[in-house]
file my_file.json (JSON, C-alpha atoms and all ligand atoms)
[["chain", "number", "residue", "atom", "x", "y", "z"],
["A", 1, "MET", "CA", 0.00, 0.00, 0.00],
["A", 2, "ALA", "CA", 1.21, 3.51, -0.79],
["A", 3, "LEU", "CA", 2.94, 5.55, 1.89],
["A", 4, "PHE", "CA", 1.15, 8.60, 3.28],
["A", 5, "GLU", "CA", 1.53, 11.76, 1.24],
["A", 6, "ARG", "CA", 1.10, 15.46, 1.94],
["A", 7, "ASP", "CA", -2.54, 16.74, 1.80],
["A", 8, "GLU", "CA", -4.08, 13.29, 2.39],
["A", 9, "TRP", "CA", -6.72, 12.95, 5.10],
["A", 10, "VAL", "CA", -5.63, 10.45, 7.71],
["A", 11, "LEU", "CA", -7.37, 8.85, 10.67],
["A", 12, "LEU", "CA", -5.21, 9.10, 13.81],
["A", 13, "VAL", "CA", -6.21, 6.35, 16.23],
["A", 14, "THR", "CA", -5.21, 5.66, 19.83],
["A", 15, "GLN", "CA", -4.91, 2.14, 21.19],
["A", 16, "LYS", "CA", -8.14, 2.74, 23.10],
["A", 17, "GLY", "CA", -9.95, 3.52, 19.85],
["A", 18, "LYS", "CA", -10.25, 7.34, 19.99],
["A", 19, "LYS", "CA", -10.09, 8.73, 16.44],
["A", 20, "TRP", "CA", -9.39, 12.05, 14.72],
["A", 21, "LEU", "CA", -9.59, 12.78, 10.99],
["A", 22, "VAL", "CA", -6.73, 15.16, 10.16],
["A", 23, "GLN", "CA", -5.16, 16.48, 6.95],
["A", 24, "ILE", "CA", -1.43, 15.96, 6.46],
["A", 25, "GLN", "CA", -0.11, 19.51, 6.26],
["A", 26, "ASP", "CA", 2.83, 21.51, 7.53],
["A", 27, "ALA", "CA", 1.09, 22.12, 10.87],
["A", 28, "PRO", "CA", 0.95, 20.75, 14.41],
["A", 29, "PHE", "CA", -1.96, 18.63, 15.66],
["A", 30, "SER", "CA", -2.74, 18.69, 19.38],
["A", 31, "THR", "CA", -5.04, 16.68, 21.62],
["A", 32, "HIS", "CA", -5.15, 16.07, 25.38],
["A", 33, "LEU", "CA", -2.57, 13.33, 24.61],
["A", 34, "GLY", "CA", -0.01, 15.88, 23.39],
["A", 35, "THR", "CA", 1.16, 17.26, 20.04],
["A", 36, "ILE", "CA", 2.60, 15.79, 16.86],
["A", 37, "HIS", "CA", 3.65, 17.61, 13.71],
["A", 38, "MET", "CA", 1.57, 16.39, 10.78],
["A", 39, "ASN", "CA", 4.67, 16.45, 8.51],
["A", 40, "GLU", "CA", 5.85, 13.41, 10.47],
["A", 41, "VAL", "CA", 3.06, 11.33, 8.90],
["A", 42, "VAL", "CA", 4.44, 11.83, 5.36],
["A", 43, "GLY", "CA", 6.24, 8.66, 4.22],
["A", 44, "LEU", "CA", 4.78, 6.42, 6.97],
["A", 45, "GLU", "CA", 2.89, 3.21, 6.32],
["A", 46, "GLU", "CA", -0.58, 2.63, 7.75],
["A", 47, "GLY", "CA", -0.29, 1.63, 11.40],
["A", 48, "GLU", "CA", 3.28, 2.97, 11.93],
["A", 49, "ALA", "CA", 3.26, 4.59, 15.38],
["A", 50, "LEU", "CA", 3.82, 8.30, 16.04],
["A", 51, "GLU", "CA", 4.77, 9.57, 19.48],
["A", 52, "THR", "CA", 3.20, 12.76, 20.84],
["A", 53, "SER", "CA", 5.00, 15.39, 22.95],
["A", 54, "LYS", "CA", 3.52, 13.65, 26.03],
["A", 55, "GLY", "CA", 4.77, 10.20, 24.99],
["A", 56, "ALA", "CA", 1.39, 8.83, 23.86],
["A", 57, "LYS", "CA", 1.12, 6.72, 20.69],
["A", 58, "LEU", "CA", -1.03, 7.66, 17.69],
["A", 59, "TYR", "CA", -1.47, 5.27, 14.76],
["A", 60, "PRO", "CA", -2.25, 6.65, 11.28],
["A", 61, "PHE", "CA", -4.70, 4.79, 9.01],
["A", 62, "ARG", "CA", -6.56, 5.57, 5.79],
["A", 63, "PRO", "CA", -10.19, 5.78, 6.90],
["A", 64, "THR", "CA", -12.67, 3.22, 5.64],
["A", 65, "LEU", "CA", -15.81, 4.79, 4.21],
["A", 66, "GLU", "CA", -17.68, 4.01, 7.44],
["A", 67, "GLU", "CA", -14.97, 5.64, 9.57],
["A", 68, "PHE", "CA", -14.87, 8.64, 7.26],
["A", 69, "ILE", "CA", -18.64, 9.14, 7.37],
["A", 70, "PHE", "CA", -18.70, 9.24, 11.17],
["A", 71, "ALA", "CA", -15.67, 11.58, 11.30],
["A", 72, "MET", "CA", -16.60, 13.99, 8.47],
["A", 73, "ASP", "CA", -18.38, 17.36, 8.81],
["A", 74, "ARG", "CA", -22.12, 16.78, 9.23],
["A", 75, "ARG", "CA", -24.82, 19.35, 9.59],
["A", 76, "THR", "CA", -27.72, 17.14, 8.49],
["A", 77, "GLN", "CA", -28.94, 13.73, 9.52],
["A", 78, "ILE", "CA", -26.97, 11.17, 7.50],
["A", 79, "ILE", "CA", -27.94, 7.73, 6.24],
["A", 80, "TYR", "CA", -26.32, 5.22, 8.59],
["A", 81, "PRO", "CA", -23.88, 2.67, 7.13],
["A", 82, "LYS", "CA", -26.23, -0.26, 7.91],
["A", 83, "ASP", "CA", -28.90, 1.35, 5.70],
["A", 84, "LEU", "CA", -26.38, 2.57, 3.11],
["A", 85, "GLY", "CA", -25.13, -0.98, 2.58],
["A", 86, "ALA", "CA", -28.67, -2.31, 2.09],
["A", 87, "MET", "CA", -29.71, 0.55, -0.20],
["A", 88, "ILE", "CA", -26.69, 0.02, -2.41],
["A", 89, "PHE", "CA", -27.34, -3.74, -2.63],
["A", 90, "TYR", "CA", -31.12, -3.58, -3.13],
["A", 91, "GLY", "CA", -30.61, -0.63, -5.46],
["A", 92, "ASP", "CA", -28.81, -3.18, -7.64],
["A", 93, "LEU", "CA", -26.08, -0.81, -8.80],
["A", 94, "TYR", "CA", -24.02, -2.09, -11.69],
["A", 95, "ALA", "CA", -21.03, -0.89, -13.65],
["A", 96, "GLY", "CA", -22.11, 1.87, -15.99],
["A", 97, "CYS", "CA", -25.50, 2.74, -14.52],
["A", 98, "THR", "CA", -26.77, 6.29, -14.19],
["A", 99, "VAL", "CA", -28.00, 7.23, -10.73],
["A", 100, "LEU", "CA", -30.01, 10.25, -9.59],
["A", 101, "GLU", "CA", -29.91, 11.16, -5.89],
["A", 102, "SER", "CA", -31.67, 13.81, -3.77],
["A", 103, "GLY", "CA", -31.20, 15.37, -1.12],
["A", 104, "VAL", "CA", -27.51, 15.37, -0.67],
["A", 105, "GLY", "CA", -27.24, 16.77, 2.88],
["A", 106, "SER", "CA", -23.78, 15.97, 4.23],
["A", 107, "GLY", "CA", -22.99, 13.58, 1.37],
["A", 108, "ALA", "CA", -22.95, 10.18, 3.15],
["A", 109, "LEU", "CA", -25.20, 8.55, 0.54],
["A", 110, "SER", "CA", -23.33, 10.28, -2.31],
["A", 111, "LEU", "CA", -20.06, 8.81, -0.99],
["A", 112, "GLY", "CA", -21.55, 5.31, -0.79],
["A", 113, "LEU", "CA", -22.97, 5.56, -4.32],
["A", 114, "LEU", "CA", -19.74, 6.94, -5.79],
["A", 115, "ARG", "CA", -17.71, 4.23, -4.06],
["A", 116, "ALA", "CA", -20.01, 1.53, -5.48],
["A", 117, "LEU", "CA", -20.00, 3.00, -9.00],
["A", 118, "GLY", "CA", -16.23, 3.44, -9.17],
["A", 119, "ARG", "CA", -15.18, 5.19, -12.36],
["A", 120, "GLN", "CA", -17.99, 3.64, -14.35],
["A", 121, "GLY", "CA", -21.48, 5.05, -14.48],
["A", 122, "ARG", "CA", -22.60, 8.48, -13.38],
["A", 123, "LEU", "CA", -24.07, 10.06, -10.26],
["A", 124, "ILE", "CA", -26.25, 13.16, -10.45],
["A", 125, "SER", "CA", -26.90, 14.60, -6.98],
["A", 126, "VAL", "CA", -29.58, 17.24, -6.46],
["A", 127, "GLU", "CA", -29.61, 19.39, -3.31],
["A", 128, "LYS", "CA", -31.86, 22.38, -2.66],
["A", 129, "ARG", "CA", -29.61, 24.20, -0.19],
["A", 130, "GLU", "CA", -26.35, 25.59, -1.45],
["A", 131, "GLU", "CA", -24.57, 25.39, 1.93],
["A", 132, "PHE", "CA", -25.27, 21.64, 2.18],
["A", 133, "ALA", "CA", -24.16, 21.09, -1.43],
["A", 134, "ARG", "CA", -20.90, 22.89, -0.58],
["A", 135, "MET", "CA", -20.34, 20.83, 2.55],
["A", 136, "ALA", "CA", -21.07, 17.54, 0.72],
["A", 137, "SER", "CA", -18.75, 18.53, -2.10],
["A", 138, "LYS", "CA", -15.98, 19.21, 0.44],
["A", 139, "ASN", "CA", -16.54, 15.82, 2.12],
["A", 140, "ILE", "CA", -16.47, 14.01, -1.24],
["A", 141, "HIS", "CA", -13.28, 15.81, -2.27],
["A", 142, "ARG", "CA", -11.70, 14.92, 1.08],
["A", 143, "PHE", "CA", -12.56, 11.24, 0.83],
["A", 144, "PHE", "CA", -11.45, 10.67, -2.76],
["A", 145, "GLY", "CA", -8.66, 13.28, -2.78],
["A", 146, "HIS", "CA", -10.33, 14.89, -5.83],
["A", 147, "ALA", "CA", -13.79, 15.60, -7.26],
["A", 148, "PRO", "CA", -14.86, 12.40, -9.10],
["A", 149, "GLU", "CA", -15.31, 13.10, -12.84],
["A", 150, "ASN", "CA", -18.48, 11.03, -13.02],
["A", 151, "HIS", "CA", -20.28, 13.14, -10.40],
["A", 152, "ASP", "CA", -22.52, 16.17, -10.98],
["A", 153, "LEU", "CA", -23.70, 18.00, -7.88],
["A", 154, "VAL", "CA", -26.55, 20.35, -8.77],
["A", 155, "VAL", "CA", -28.18, 22.96, -6.52],
["A", 156, "ALA", "CA", -31.88, 22.66, -7.40],
["A", 157, "ASP", "CA", -35.25, 21.55, -6.13],
["A", 158, "ILE", "CA", -35.80, 17.93, -7.16],
["A", 159, "GLN", "CA", -39.48, 18.69, -7.74],
["A", 160, "ASP", "CA", -38.62, 20.92, -10.75],
["A", 161, "PHE", "CA", -35.53, 19.06, -11.89],
["A", 162, "SER", "CA", -35.14, 17.94, -15.50],
["A", 163, "LEU", "CA", -32.54, 15.93, -17.42],
["A", 164, "SER", "CA", -31.83, 15.19, -21.07],
["A", 165, "CYS", "CA", -31.28, 11.46, -20.37],
["A", 166, "LYS", "CA", -33.18, 8.74, -18.48],
["A", 167, "VAL", "CA", -31.69, 7.40, -15.26],
["A", 168, "ASP", "CA", -31.50, 3.77, -14.14],
["A", 169, "ARG", "CA", -31.75, 4.34, -10.39],
["A", 170, "VAL", "CA", -33.16, 6.99, -8.06],
["A", 171, "PHE", "CA", -32.23, 7.37, -4.38],
["A", 172, "LEU", "CA", -34.25, 9.77, -2.23],
["A", 173, "ASP", "CA", -33.52, 10.99, 1.28],
["A", 174, "LEU", "CA", -35.98, 13.86, 1.57],
["A", 175, "PRO", "CA", -38.34, 15.05, 4.31],
["A", 176, "GLU", "CA", -41.31, 14.84, 1.88],
["A", 177, "PRO", "CA", -40.24, 12.32, -0.77],
["A", 178, "TRP", "CA", -43.80, 11.81, -2.09],
["A", 179, "HIS", "CA", -43.66, 15.34, -3.57],
["A", 180, "ALA", "CA", -40.68, 14.23, -5.71],
["A", 181, "VAL", "CA", -42.21, 11.02, -7.10],
["A", 182, "LEU", "CA", -43.95, 12.55, -10.11],
["A", 183, "SER", "CA", -40.88, 14.51, -11.25],
["A", 184, "VAL", "CA", -38.38, 11.66, -10.78],
["A", 185, "SER", "CA", -40.70, 9.09, -12.39],
["A", 186, "GLN", "CA", -40.49, 11.14, -15.61],
["A", 187, "LEU", "CA", -36.68, 10.96, -15.47],
["A", 188, "MET", "CA", -36.51, 7.15, -15.01],
["A", 189, "ARG", "CA", -36.34, 4.39, -17.59],
["A", 190, "GLU", "CA", -38.87, 1.56, -17.39],
["A", 191, "GLY", "CA", -37.52, -1.20, -15.15],
["A", 192, "GLY", "CA", -35.51, 1.35, -13.16],
["A", 193, "LEU", "CA", -35.47, 1.20, -9.36],
["A", 194, "LEU", "CA", -36.34, 3.87, -6.82],
["A", 195, "LEU", "CA", -35.20, 3.71, -3.19],
["A", 196, "SER", "CA", -36.29, 6.08, -0.51],
["A", 197, "LEU", "CA", -35.36, 6.34, 3.16],
["A", 198, "SER", "CA", -37.79, 7.86, 5.67],
["A", 199, "PRO", "CA", -37.71, 7.80, 9.48],
["A", 200, "ASN", "CA", -41.49, 7.91, 9.99],
["A", 201, "VAL", "CA", -44.07, 5.37, 8.91],
["A", 202, "GLY", "CA", -46.54, 8.14, 8.00],
["A", 203, "GLN", "CA", -44.04, 9.29, 5.35],
["A", 204, "VAL", "CA", -43.88, 5.69, 4.08],
["A", 205, "GLN", "CA", -47.66, 5.46, 3.70],
["A", 206, "LEU", "CA", -47.80, 8.68, 1.67],
["A", 207, "MET", "CA", -44.88, 7.43, -0.40],
["A", 208, "HIS", "CA", -46.62, 4.12, -1.24],
["A", 209, "LYS", "CA", -49.76, 5.99, -2.34],
["A", 210, "GLU", "CA", -47.80, 8.30, -4.63],
["A", 211, "LEU", "CA", -45.64, 5.50, -6.06],
["A", 212, "LYS", "CA", -48.74, 3.43, -6.92],
["A", 213, "SER", "CA", -50.33, 6.30, -8.79],
["A", 214, "ASN", "CA", -47.17, 7.06, -10.77],
["A", 215, "GLY", "CA", -46.41, 3.74, -12.46],
["A", 216, "PHE", "CA", -44.37, 1.97, -9.78],
["A", 217, "ALA", "CA", -44.80, -1.70, -8.84],
["A", 218, "ASN", "CA", -43.15, -4.26, -6.52],
["A", 219, "ILE", "CA", -43.28, -1.66, -3.76],
["A", 220, "THR", "CA", -41.74, -2.97, -0.54],
["A", 221, "THR", "CA", -40.72, -1.35, 2.74],
["A", 222, "PHE", "CA", -38.38, -2.77, 5.35],
["A", 223, "GLU", "CA", -36.15, -1.65, 8.18],
["A", 224, "LEU", "CA", -32.87, -3.08, 9.43],
["A", 225, "LEU", "CA", -31.81, -3.45, 13.04],
["A", 226, "ARG", "CA", -28.15, -3.96, 13.87],
["A", 227, "ARG", "CA", -27.38, -5.32, 17.32],
["A", 228, "ASP", "CA", -23.70, -5.47, 18.28],
["A", 229, "TRP", "CA", -22.33, -8.04, 20.70],
["A", 230, "LYS", "CA", -19.82, -7.84, 23.53],
["A", 231, "VAL", "CA", -17.46, -10.78, 23.16],
["A", 232, "ASP", "CA", -14.49, -11.73, 25.37],
["A", 233, "GLU", "CA", -13.23, -14.78, 27.33],
["A", 234, "LYS", "CA", -15.89, -14.36, 30.03],
["A", 235, "ARG", "CA", -19.03, -13.43, 28.07],
["A", 236, "ALA", "CA", -20.69, -13.28, 24.71],
["A", 237, "ARG", "CA", -23.88, -11.26, 24.86],
["A", 238, "PRO", "CA", -25.64, -8.37, 23.11],
["A", 239, "MET", "CA", -24.52, -4.84, 23.96],
["A", 240, "ASP", "CA", -26.80, -2.94, 26.35],
["A", 241, "ARG", "CA", -27.41, -0.16, 23.82],
["A", 242, "MET", "CA", -28.09, -0.08, 20.12],
["A", 243, "VAL", "CA", -29.14, 2.38, 17.41],
["A", 244, "ALA", "CA", -32.67, 1.05, 17.57],
["A", 245, "HIS", "CA", -34.29, 3.00, 14.76],
["A", 246, "THR", "CA", -32.89, 4.91, 11.83],
["A", 247, "GLY", "CA", -35.35, 4.68, 8.97],
["A", 248, "PHE", "CA", -37.59, 2.65, 6.69],
["A", 249, "ILE", "CA", -36.27, 1.77, 3.25],
["A", 250, "THR", "CA", -38.85, 1.73, 0.45],
["A", 251, "LEU", "CA", -37.99, 0.06, -2.83],
["A", 252, "ALA", "CA", -40.08, 0.25, -6.02],
["A", 253, "LYS", "CA", -39.73, -0.59, -9.71],
["A", 254, "LYS", "CA", -40.78, 1.78, -12.51],
["A", 255, "THR", "CA", -43.12, -0.09, -14.81],
["A", 256, "PRO", "CA", -45.29, 0.71, -17.84],
["A", 257, "VAL", "CA", -48.29, -1.03, -16.19],
["A", 258, "ALA", "CA", -49.37, -1.54, -12.58],
["A", 259, "PHE", "CA", -48.18, -5.10, -11.80],
["A", 260, "GLN", "CA", -49.86, -6.85, -8.91],
["A", 261, "SER", "CA", -48.07, -9.25, -6.62],
["A", 262, "GLY", "CA", -49.29, -12.69, -5.56],
["A", 263, "GLY", "CA", -52.32, -13.01, -7.92],
["A", 264, "GLU", "CA", -53.15, -16.14, -9.98],
["A", 265, "GLU", "CA", -52.69, -15.83, -13.76],
["A", 266, "PRO", "CA", -55.99, -16.47, -15.67],
["B", 301, "LIG", "C1", -31.50, 14.13, 5.62],
["B", 301, "LIG", "S1", -30.71, 15.19, 4.52],
["B", 301, "LIG", "C2", -29.93, 14.08, 3.39],
["B", 301, "LIG", "C3", -28.75, 13.37, 4.00],
["B", 301, "LIG", "C4", -27.90, 12.62, 3.01],
["B", 301, "LIG", "N1", -28.65, 11.63, 2.27],
["B", 301, "LIG", "C5", -26.71, 11.97, 3.67],
["B", 301, "LIG", "O1", -26.68, 10.72, 3.75],
["B", 301, "LIG", "O2", -25.81, 12.69, 4.13],
["B", 301, "LIG", "C6", -32.05, 15.78, 3.54],
["B", 301, "LIG", "C7", -31.61, 16.81, 2.51],
["B", 301, "LIG", "O3", -32.66, 17.00, 1.57],
["B", 301, "LIG", "C8", -32.59, 18.34, 1.12],
["B", 301, "LIG", "N2", -33.87, 18.66, 0.47],
["B", 301, "LIG", "C9", -35.08, 18.82, 1.08],
["B", 301, "LIG", "N3", -36.03, 19.04, 0.16],
["B", 301, "LIG", "C10", -35.41, 19.05, -1.06],
["B", 301, "LIG", "C11", -35.85, 19.23, -2.40],
["B", 301, "LIG", "N4", -37.14, 19.48, -2.67],
["B", 301, "LIG", "N5", -34.95, 19.15, -3.42],
["B", 301, "LIG", "C12", -33.64, 18.91, -3.15],
["B", 301, "LIG", "N6", -33.16, 18.73, -1.88],
["B", 301, "LIG", "C13", -34.03, 18.80, -0.87],
["B", 301, "LIG", "C14", -32.30, 19.11, 2.41],
["B", 301, "LIG", "O4", -31.80, 20.39, 2.15],
["B", 301, "LIG", "C15", -31.31, 18.18, 3.10],
["B", 301, "LIG", "O5", -29.99, 18.54, 2.77]]

call {"tool": "encode", "arguments": {"input": "my_file.json", "output": "C-alpha cells"}}
result
Amino acid sequence: MALFERDEWVLLVTQKGKKWLVQIQDAPFSTHLGTIHMNEVVGLEEGEALETSKGAKLYPFRPTLEEFIFAMDRRTQIIYPKDLGAMIFYGDLYAGCTVLESGVGSGALSLGLLRALGRQGRLISVEKREEFARMASKNIHRFFGHAPENHDLVVADIQDFSLSCKVDRVFLDLPEPWHAVLSVSQLMREGGLLLSLSPNVGQVQLMHKELKSNGFANITTFELLRRDWKVDEKRARPMDRMVAHTGFITLAKKTPVAFQSGGEEP
C-alpha cells in the first residue's frame, strides 16, 4: 500500500480507539494526549506509530468509508452505514448505470454511491440548499482526494428538476419524498429502481400511495436493526445499547403497467 503523502486525510487512532480525521499539512496537531507535527506522517505506512509530545502513541490509518462518514463534517442527519449498505445492494447498482440522488445533505449517501460505481457510471446529486451542497462537495473531495469526474452536484429543487437522459436508479432521502415522485418518475427508464429512506411510517404510507399512482410496482418497505455483541473470554452477549431506529427503506420498480403481486394468472 502507498505511503502517506502530503494533503491526504488520515485517521489518527489511539490504542483505546479514539479517532481524529486530520489532513497531512505543515502544521501541528494537538489533543489532550499531546502534540505531533503532521509532517511526520508523510512517508509512513498505515499503522506505523507516532509519538506525541507527552509520549502517547497515535497510529495513522486511511479511513474506511464508514470511519470517514462518522468523522466527516455533518450538519444534516446522514444515512447510517447499515442502511447505506442495504440501499446500495437492493438498489442493484451495476457498472455503468446512471443514478439520480436527492437530497444530498452531508454527502454520506453520495459517498456510498460513488464508491459503489467506481469510475464507471454516473451520479447526479440534487440538493436544494447551497450550503449543504458545498459541505457535501468538500466531504467528497476529502474522501477521494479529488472531485470524481463522473459526479454532478446540482443545486436545485428535485421537484422541478429535468434531465436530457433517463436514469437507471433513483435514491431519495428527503423530508417529503412523495412530492418528488412525479418529477423523478419522468426521469426514469422503465424497469428502473427507486429507493427512498424515511424515518417515519406516515411518510412511508404517503410514499406508497404516490408510487402506486405514478407507475411503480413491486413496492416494498423494510427496516434493518443492527445489534452489536460484547465478546471476550468471560461473556458473549448483546450490547446494552443499540441504534434502535434509523429509517424505513422503500424500494419500487418503474413499470409501464401496474403489476400486482401474488395473484393467480388467468
Ligand atoms: C436528511 S438530509 C440528506 C442526507 C444525506 N442523504 C446523507 O446521507 O448525508 C435531507 C436533505 O434533503 C434536502 N432537500 C429537502 N427538500 C429538497 C428538495 N425538494 N430538493 C432537493 N433537496 C431537498 C435538504 O436540504 C437536506 O440537505

call {"tool": "closest_residue", "arguments": {"input": "my_file.json", "among": "A:Leu123, A:Leu44, A:Val243, A:Ile249", "to": "Met1 in chain A", "atoms": "only C-alpha atoms"}}
result
A:Leu44

call {"tool": "closest_residue", "arguments": {"input": "my_file.json", "among": "A:Val13, A:Leu111, A:Val184, A:Val204", "to": "Arg142 in chain A", "atoms": "all atoms listed in the file"}}
result
A:Leu111

call {"tool": "closest_residue", "arguments": {"input": "my_file.json", "among": "A:Leu21, A:Ala133, A:Val170, A:Ala217", "to": "Gly91 in chain A", "atoms": "all atoms listed in the file"}}
result
A:Val170

call {"tool": "atom_distance", "arguments": {"input": "my_file.json", "atom1": "atom N3 of ligand LIG 301 (chain B)", "atom2": "CA of Leu65 in chain A"}}
result
25.1 Å

call {"tool": "residues_near_ligand", "arguments": {"input": "my_file.json", "ligand": "ligand LIG 301 (chain B)", "cutoff": "9 Å", "atoms": "only C-alpha atoms and all ligand atoms", "output": "JSON, numbers by chain"}}
result
{"A": [69, 74, 75, 76, 77, 78, 79, 80, 84, 101, 102, 103, 104, 105, 106, 107, 108, 109, 110, 111, 112, 125, 126, 127, 128, 129, 130, 131, 132, 133, 136, 155, 156, 157, 158, 159, 160, 161, 171, 172, 173, 174, 175, 176, 177, 179, 180, 197, 198]}

call {"tool": "atom_distance", "arguments": {"input": "my_file.json", "atom1": "CA of Cys97 in chain A", "atom2": "CA of Val167 in chain A"}}
result
7.8 Å

call {"tool": "residues_around", "arguments": {"input": "my_file.json", "residues": "range 218-233 of chain A", "least_positions_apart": "2", "cutoff": "9 Å", "atoms": "only C-alpha atoms", "output": "JSON, numbers by chain"}}
result
{"A": [82, 83, 86, 204, 208, 211, 212, 216, 235, 236, 237, 238, 239, 240, 241, 242, 243, 244, 245, 246, 247, 248, 249, 250, 251, 252, 253, 254, 259, 260, 261]}

call {"tool": "residues_around", "arguments": {"input": "my_file.json", "residues": "Asp7 in chain A", "least_positions_apart": "5", "cutoff": "10 Å", "atoms": "only C-alpha atoms", "output": "PyMOL selection string"}}
result
chain A and resi 22-26+38-39+42+142+145

call {"tool": "axis_aligned_box", "arguments": {"input": "my_file.json", "around": "range 28-32 of chain A", "padding_each_side": "8 Å", "output": "lines of an AutoDock Vina configuration file"}}
result
center_x = -2.1
center_y = 18.4
center_z = 19.9
size_x = 22.1
size_y = 20.7
size_z = 27.0

call {"tool": "residues_around", "arguments": {"input": "my_file.json", "residues": "Phe68 in chain A", "least_positions_apart": "4", "cutoff": "10 Å", "atoms": "only C-alpha atoms", "output": "ChimeraX atom specification"}}
result
/A:9-11,20-21,62-64,72-73,108,111,139,142-143

call {"tool": "closest_residue", "arguments": {"input": "my_file.json", "among": "A:Ala56, A:Ile124, A:Leu187, A:Val201", "to": "Leu33 in chain A", "atoms": "all atoms listed in the file"}}
result
A:Ala56

call {"tool": "atom_distance", "arguments": {"input": "my_file.json", "atom1": "CA of Thr98 in chain A", "atom2": "CA of Ser183 in chain A"}}
result
16.6 Å

call {"tool": "closest_residue", "arguments": {"input": "my_file.json", "among": "A:Ser196, A:Thr35, A:Ser53, A:Thr14", "to": "Leu100 in chain A", "atoms": "all atoms listed in the file"}}
result
A:Ser196
